[in-house]
$ cat coords.txt   # compact mmCIF, C-alpha atoms and all ligand atoms
# COMPACT_ATOMS: atom_id res chain seq x y z
CA MET A 1 -36.27 54.30 133.43
CA ASP A 2 -35.79 55.80 136.88
CA LYS A 3 -36.85 59.44 136.31
CA ARG A 4 -36.11 60.40 139.92
CA ALA A 5 -32.47 59.27 139.58
CA SER A 6 -32.10 61.33 136.38
CA ASP A 7 -33.72 64.35 138.07
CA LYS A 8 -31.08 64.07 140.81
CA THR A 9 -28.27 63.91 138.22
CA ARG A 10 -29.70 66.95 136.41
CA ALA A 11 -30.02 68.91 139.67
CA ARG A 12 -26.39 68.16 140.58
CA TYR A 13 -25.06 69.29 137.19
CA GLN A 14 -27.34 72.31 137.15
CA ARG A 15 -25.71 73.32 140.45
CA ILE A 16 -22.18 72.60 139.20
CA ALA A 17 -22.63 74.19 135.74
CA PRO A 18 -21.45 77.75 136.62
CA VAL A 19 -18.18 76.42 138.09
CA TYR A 20 -17.68 73.28 135.98
CA ASP A 21 -15.02 74.70 133.66
CA LEU A 22 -13.13 76.25 136.57
CA MET A 23 -13.34 73.01 138.60
CA GLU A 24 -11.96 71.02 135.68
CA SER A 25 -9.29 73.50 134.56
CA LEU A 26 -6.34 71.60 136.06
CA PRO A 27 -7.24 68.04 134.89
CA GLU A 28 -8.26 69.55 131.55
CA GLN A 29 -4.57 70.18 130.82
CA ARG A 30 -4.29 66.38 130.40
CA PHE A 31 -7.80 65.71 129.14
CA LYS A 32 -7.39 68.01 126.14
CA HIS A 33 -4.75 65.69 124.64
CA TRP A 34 -7.06 62.70 125.11
CA ARG A 35 -9.96 64.60 123.54
CA ARG A 36 -7.83 65.42 120.49
CA ARG A 37 -6.91 61.71 120.14
CA LEU A 38 -10.52 60.59 120.46
CA TRP A 39 -11.83 63.04 117.87
CA SER A 40 -9.12 62.04 115.39
CA LEU A 41 -10.78 58.60 115.43
CA ALA A 42 -14.34 59.82 114.76
CA GLU A 43 -15.93 58.80 111.47
CA GLY A 44 -18.50 61.09 109.84
CA PRO A 45 -20.34 62.68 108.39
CA ARG A 46 -23.02 62.36 111.08
CA VAL A 47 -21.73 62.34 114.66
CA LEU A 48 -23.68 62.39 117.91
CA GLU A 49 -22.06 63.65 121.11
CA VAL A 50 -23.97 62.63 124.23
CA GLY A 51 -23.49 64.49 127.52
CA VAL A 52 -21.85 67.41 125.71
CA GLY A 53 -21.62 69.35 129.00
CA THR A 54 -20.16 72.83 128.54
CA GLY A 55 -18.75 71.91 125.13
CA LYS A 56 -15.19 71.02 126.09
CA ASN A 57 -14.84 68.76 123.05
CA MET A 58 -15.85 71.45 120.59
CA PRO A 59 -12.33 72.77 119.83
CA PHE A 60 -11.47 69.23 118.67
CA TYR A 61 -14.41 68.55 116.35
CA PRO A 62 -12.99 67.69 112.92
CA GLU A 63 -14.05 70.17 110.23
CA GLU A 64 -15.72 67.68 107.93
CA ILE A 65 -18.31 66.32 110.40
CA GLU A 66 -21.85 67.41 111.32
CA VAL A 67 -22.37 67.21 115.08
CA THR A 68 -25.61 66.77 116.98
CA ALA A 69 -25.04 67.10 120.73
CA VAL A 70 -27.34 66.22 123.63
CA ASP A 71 -27.23 66.93 127.35
CA LEU A 72 -29.60 66.32 130.24
CA THR A 73 -28.84 69.58 132.04
CA PRO A 74 -30.04 72.99 130.77
CA GLY A 75 -27.26 74.93 132.55
CA MET A 76 -24.56 72.80 130.91
CA LEU A 77 -26.18 72.96 127.48
CA GLU A 78 -26.52 76.74 127.69
CA ARG A 79 -22.74 77.00 128.17
CA ALA A 80 -22.16 74.60 125.28
CA GLY A 81 -24.28 76.95 123.14
CA LYS A 82 -22.06 79.90 124.09
CA LYS A 83 -18.92 77.89 123.34
CA ALA A 84 -20.25 76.88 119.90
CA LYS A 85 -20.93 80.53 119.13
CA GLU A 86 -17.45 81.61 120.26
CA LEU A 87 -15.90 78.94 118.05
CA ASN A 88 -18.25 79.73 115.18
CA LEU A 89 -19.44 76.11 115.06
CA ASP A 90 -22.75 74.95 113.69
CA VAL A 91 -23.74 72.31 116.26
CA ASP A 92 -27.29 70.99 116.64
CA LEU A 93 -27.62 71.23 120.45
CA ARG A 94 -30.54 69.50 122.14
CA LEU A 95 -31.76 68.90 125.64
CA GLY A 96 -32.17 65.14 125.99
CA ASP A 97 -31.49 62.00 127.93
CA VAL A 98 -29.08 59.37 126.64
CA GLN A 99 -31.29 56.74 128.28
CA GLU A 100 -34.12 57.65 125.90
CA LEU A 101 -32.70 59.29 122.77
CA ASP A 102 -35.05 61.03 120.41
CA PHE A 103 -33.47 59.73 117.18
CA PRO A 104 -34.44 56.91 114.85
CA ASP A 105 -32.38 53.71 114.79
CA ALA A 106 -29.06 53.84 112.90
CA SER A 107 -28.97 57.66 112.59
CA PHE A 108 -25.26 58.30 113.15
CA ASP A 109 -21.87 57.21 111.77
CA SER A 110 -20.20 57.70 115.16
CA VAL A 111 -21.30 58.41 118.71
CA VAL A 112 -19.00 60.05 121.26
CA ALA A 113 -19.21 60.31 125.05
CA THR A 114 -16.50 61.80 127.26
CA PHE A 115 -16.76 61.43 131.05
CA VAL A 116 -20.51 60.83 130.81
CA PHE A 117 -21.25 57.25 131.77
CA CYS A 118 -19.96 57.86 135.30
CA SER A 119 -23.06 59.99 135.85
CA VAL A 120 -25.82 58.48 133.68
CA ALA A 121 -28.33 57.02 136.15
CA ASP A 122 -28.72 53.72 134.27
CA ALA A 123 -25.54 53.32 132.22
CA GLN A 124 -26.74 50.06 130.66
CA LEU A 125 -29.87 51.74 129.32
CA GLY A 126 -27.79 54.60 127.90
CA LEU A 127 -25.28 52.28 126.23
CA GLY A 128 -28.17 50.34 124.71
CA GLU A 129 -29.36 53.62 123.17
CA LEU A 130 -25.90 54.34 121.73
CA GLN A 131 -25.94 50.93 120.09
CA ARG A 132 -29.43 51.61 118.70
CA VAL A 133 -28.73 55.04 117.18
CA VAL A 134 -25.32 54.29 115.66
CA LYS A 135 -25.37 52.67 112.23
CA PRO A 136 -24.45 48.99 111.91
CA GLY A 137 -20.64 48.99 111.67
CA GLY A 138 -20.60 52.54 113.14
CA LYS A 139 -18.19 53.66 115.84
CA VAL A 140 -18.68 54.43 119.53
CA LEU A 141 -15.83 56.38 121.14
CA MET A 142 -15.60 57.02 124.85
CA LEU A 143 -13.28 58.54 127.41
CA GLU A 144 -14.22 57.27 130.85
CA HIS A 145 -12.79 56.78 134.30
CA VAL A 146 -13.58 53.38 135.79
CA ARG A 147 -13.11 51.41 139.01
CA SER A 148 -9.50 50.26 139.32
CA LYS A 149 -8.86 46.51 139.20
CA ARG A 150 -6.14 46.95 141.83
CA PRO A 151 -7.78 45.44 144.93
CA LEU A 152 -6.99 48.09 147.56
CA LEU A 153 -7.55 51.05 145.24
CA GLY A 154 -10.82 49.51 144.00
CA VAL A 155 -12.12 49.23 147.58
CA LEU A 156 -11.04 52.81 148.35
CA MET A 157 -12.92 53.98 145.27
CA ASP A 158 -16.03 52.10 146.49
CA LEU A 159 -15.76 53.78 149.90
CA ALA A 160 -15.24 57.28 148.48
CA ASN A 161 -17.95 56.94 145.83
CA PRO A 162 -21.01 58.22 147.77
CA LEU A 163 -19.22 61.45 148.73
CA VAL A 164 -17.83 62.01 145.22
CA VAL A 165 -21.29 61.50 143.69
CA ARG A 166 -22.75 64.04 146.07
CA VAL A 167 -20.09 66.70 145.40
CA MET A 168 -19.19 66.09 141.74
CA GLY A 169 -22.20 64.17 140.34
CA ALA A 170 -19.92 61.36 139.08
CA ASN A 171 -19.50 57.75 140.19
CA ILE A 172 -15.86 56.70 140.45
CA ASN A 173 -16.44 52.96 140.78
CA ARG A 174 -18.25 52.02 137.59
CA ARG A 175 -17.12 49.04 135.49
CA THR A 176 -17.89 50.80 132.23
CA VAL A 177 -15.83 48.56 129.94
CA ASP A 178 -17.86 45.55 131.11
CA SER A 179 -21.07 47.54 130.59
CA VAL A 180 -20.06 48.42 127.01
CA ARG A 181 -19.43 44.73 126.33
CA GLU A 182 -22.81 43.81 127.85
CA SER A 183 -24.62 46.38 125.68
CA GLY A 184 -23.95 44.31 122.56
CA LEU A 185 -21.34 46.69 121.11
CA SER A 186 -18.11 45.01 119.98
CA ILE A 187 -15.06 46.38 121.72
CA VAL A 188 -12.32 47.21 119.22
CA ASN A 189 -9.77 48.62 121.65
CA VAL A 190 -9.46 49.72 125.26
CA GLU A 191 -6.43 51.79 126.15
CA ASP A 192 -5.26 52.83 129.60
CA ILE A 193 -4.50 56.50 129.10
CA GLY A 194 -4.04 57.89 132.60
CA MET A 195 -3.76 57.12 136.35
CA GLY A 196 -2.85 53.46 135.88
CA ASP A 197 -5.94 51.51 134.84
CA ILE A 198 -8.48 54.24 135.74
CA PHE A 199 -8.79 56.47 132.66
CA LYS A 200 -9.66 54.63 129.45
CA LEU A 201 -10.10 55.41 125.80
CA ILE A 202 -12.71 52.91 124.61
CA VAL A 203 -13.30 52.22 120.92
CA ALA A 204 -16.27 50.03 120.03
CA ARG A 205 -18.44 49.31 117.00
CA ARG A 206 -21.99 48.23 116.49
CA PRO A 207 -21.76 44.82 114.84
CA SER A 208 -22.69 44.99 111.10
C1 LIG A 301 -18.75 65.12 133.84
S1 LIG A 301 -19.80 65.96 132.71
C2 LIG A 301 -18.89 65.72 131.18
C3 LIG A 301 -19.21 66.77 130.17
C4 LIG A 301 -18.40 66.70 128.87
N1 LIG A 301 -18.71 65.50 128.13
C5 LIG A 301 -16.92 66.79 129.09
O1 LIG A 301 -16.18 65.95 128.60
O2 LIG A 301 -16.51 67.77 129.77
C6 LIG A 301 -21.17 64.85 132.51
C7 LIG A 301 -22.27 65.42 131.64
O3 LIG A 301 -23.19 64.35 131.35
C8 LIG A 301 -24.50 64.87 131.41
N2 LIG A 301 -25.42 63.75 131.67
C9 LIG A 301 -25.56 63.02 132.79
N3 LIG A 301 -26.53 62.11 132.64
C10 LIG A 301 -27.02 62.27 131.38
C11 LIG A 301 -28.06 61.65 130.66
N4 LIG A 301 -28.79 60.67 131.21
N5 LIG A 301 -28.30 62.06 129.39
C12 LIG A 301 -27.56 63.07 128.83
N6 LIG A 301 -26.58 63.71 129.49
C13 LIG A 301 -26.31 63.32 130.75
C14 LIG A 301 -24.44 65.89 132.54
O4 LIG A 301 -25.50 66.83 132.46
C15 LIG A 301 -23.08 66.52 132.29
O5 LIG A 301 -23.17 67.63 131.42
$ encode --input "coords.txt" --output "structure tokens" --more "lines below"
Ligand SMILES: C[S@@+](CC[C@H](N)C(=O)[O-])C[C@H]1O[C@@H](n2cnc3c(N)ncnc32)[C@H](O)[C@@H]1O
Amino acid sequence: MDKRASDKTRARYQRIAPVYDLMESLPEQRFKHWRRRLWSLAEGPRVLEVGVGTGKNMPFYPEEIEVTAVDLTPGMLERAGKKAKELNLDVDLRLGDVQELDFPDASFDSVVATFVFCSVADAQLGLGELQRVVKPGGKVLMLEHVRSKRPLLGVLMDLANPLVVRVMGANINRRTVDSVRESGLSIVNVEDIGMGDIFKLIVARRPS
């Protein structure tokens, strides 16, 4: 694992943490509907959320599940802790790296990631960990933005990527659906949910 790359990601999100919710307030008006959809598909009782950020998914956690949530960045996790308190939720929040999860194999019924794999330094390593910690037959649910397959837009996304990474900490030209397939998870459904073919709801399962 490339520790230096993860340190860079952590430093970027640590810097962004105080303004993250403000920065995202406009797109969040759309994202919140997608979050609600995603969480309606989660299967419990044990659910892991990776890259929990400031806890934007928390209002949508179904009542009957137990959530463990991990993030790489202390400043983001601290805000998630405050959000859990405000919402009176009992969430097991932990500092951790999705590329090297501190859980035994097959620990969770579902694993959720929303807008995370655009910033994980080695997405393939992280997806391999999701497949390891979810139970055989368990669900992996993701909201992600990916590189468009439209030729001109795809090239524009490649050109803009270095600047976007620097400012926002996120890559906009990842081929995350292909990466999920390569991780050994079985894709159940991929749905284009916004901006043409860019925003996706991905449903996958670990083969039984
Ligand atoms: C764009 S934010 C998304 C936060 C939240 N999931 C949401 O939907 O608002 C990406 C989050 O992923 C976290 N992250 C990036 N790389 C990570 C890694 N290797 N392990 C765990 N979390 C990571 C960042 O610290 C940040 O909080």
$ axis_aligned_box --input "coords.txt" --around "ligand LIG 301 (chain A)" --padding-each-side "6 Å" --output "JSON"
{"center_x": -22.5, "center_y": 64.2, "center_z": 131.0, "size_x": 24.6, "size_y": 19.1, "size_z": 17.7}
$ residues_near_ligand --input "coords.txt" --ligand "ligand LIG 301 (chain A)" --cutoff "6 Å" --atoms "all atoms listed in the file" --output "mmCIF file with C-alpha atoms, in the coordinates of the input"
data_model
loop_
_atom_site.group_PDB
_atom_site.id
_atom_site.type_symbol
_atom_site.label_atom_id
_atom_site.label_comp_id
_atom_site.auth_asym_id
_atom_site.auth_seq_id
_atom_site.Cartn_x
_atom_site.Cartn_y
_atom_site.Cartn_z
ATOM 1 C CA ARG A 10 -29.700 66.950 136.410
ATOM 2 C CA TYR A 13 -25.060 69.290 137.190
ATOM 3 C CA VAL A 50 -23.970 62.630 124.230
ATOM 4 C CA GLY A 51 -23.490 64.490 127.520
ATOM 5 C CA VAL A 52 -21.850 67.410 125.710
ATOM 6 C CA GLY A 53 -21.620 69.350 129.000
ATOM 7 C CA LYS A 56 -15.190 71.020 126.090
ATOM 8 C CA ASP A 71 -27.230 66.930 127.350
ATOM 9 C CA LEU A 72 -29.600 66.320 130.240
ATOM 10 C CA THR A 73 -28.840 69.580 132.040
ATOM 11 C CA MET A 76 -24.560 72.800 130.910
ATOM 12 C CA GLY A 96 -32.170 65.140 125.990
ATOM 13 C CA ASP A 97 -31.490 62.000 127.930
ATOM 14 C CA VAL A 98 -29.080 59.370 126.640
ATOM 15 C CA GLN A 99 -31.290 56.740 128.280
ATOM 16 C CA THR A 114 -16.500 61.800 127.260
ATOM 17 C CA PHE A 115 -16.760 61.430 131.050
ATOM 18 C CA VAL A 116 -20.510 60.830 130.810
ATOM 19 C CA SER A 119 -23.060 59.990 135.850
ATOM 20 C CA VAL A 120 -25.820 58.480 133.680
#
$ closest_residue --input "coords.txt" --among "A:Leu159, A:Val188, A:Ala121, A:Met58" --to "Leu93 of chain A" --atoms "only C-alpha atoms"
A:Met58
$ residues_around --input "coords.txt" --residues "segment 129-143 of chain A" --least-positions-apart "6" --cutoff "9 Å" --atoms "all atoms listed in the file" --output "PyMOL selection string"
chain A and resi 34-35+38-39+41-43+47-48+50+98-101+103-117+183-185+199-208
$ residues_around --input "coords.txt" --residues "segment 22-26 of chain A" --least-positions-apart "3" --cutoff "12 Å" --atoms "only C-alpha atoms" --output "list in words"
Ile16, Ala17, Pro18, Val19, Gln29, Arg30, Phe31, Lys32, Gly53, Thr54, Lys56, Phe115, Val167 and Met168 of chain A
$ atom_distance --input "coords.txt" --atom1 "atom CA of Asn88 of chain A" --atom2 "atom CA of Pro74 of chain A"
20.7 Å
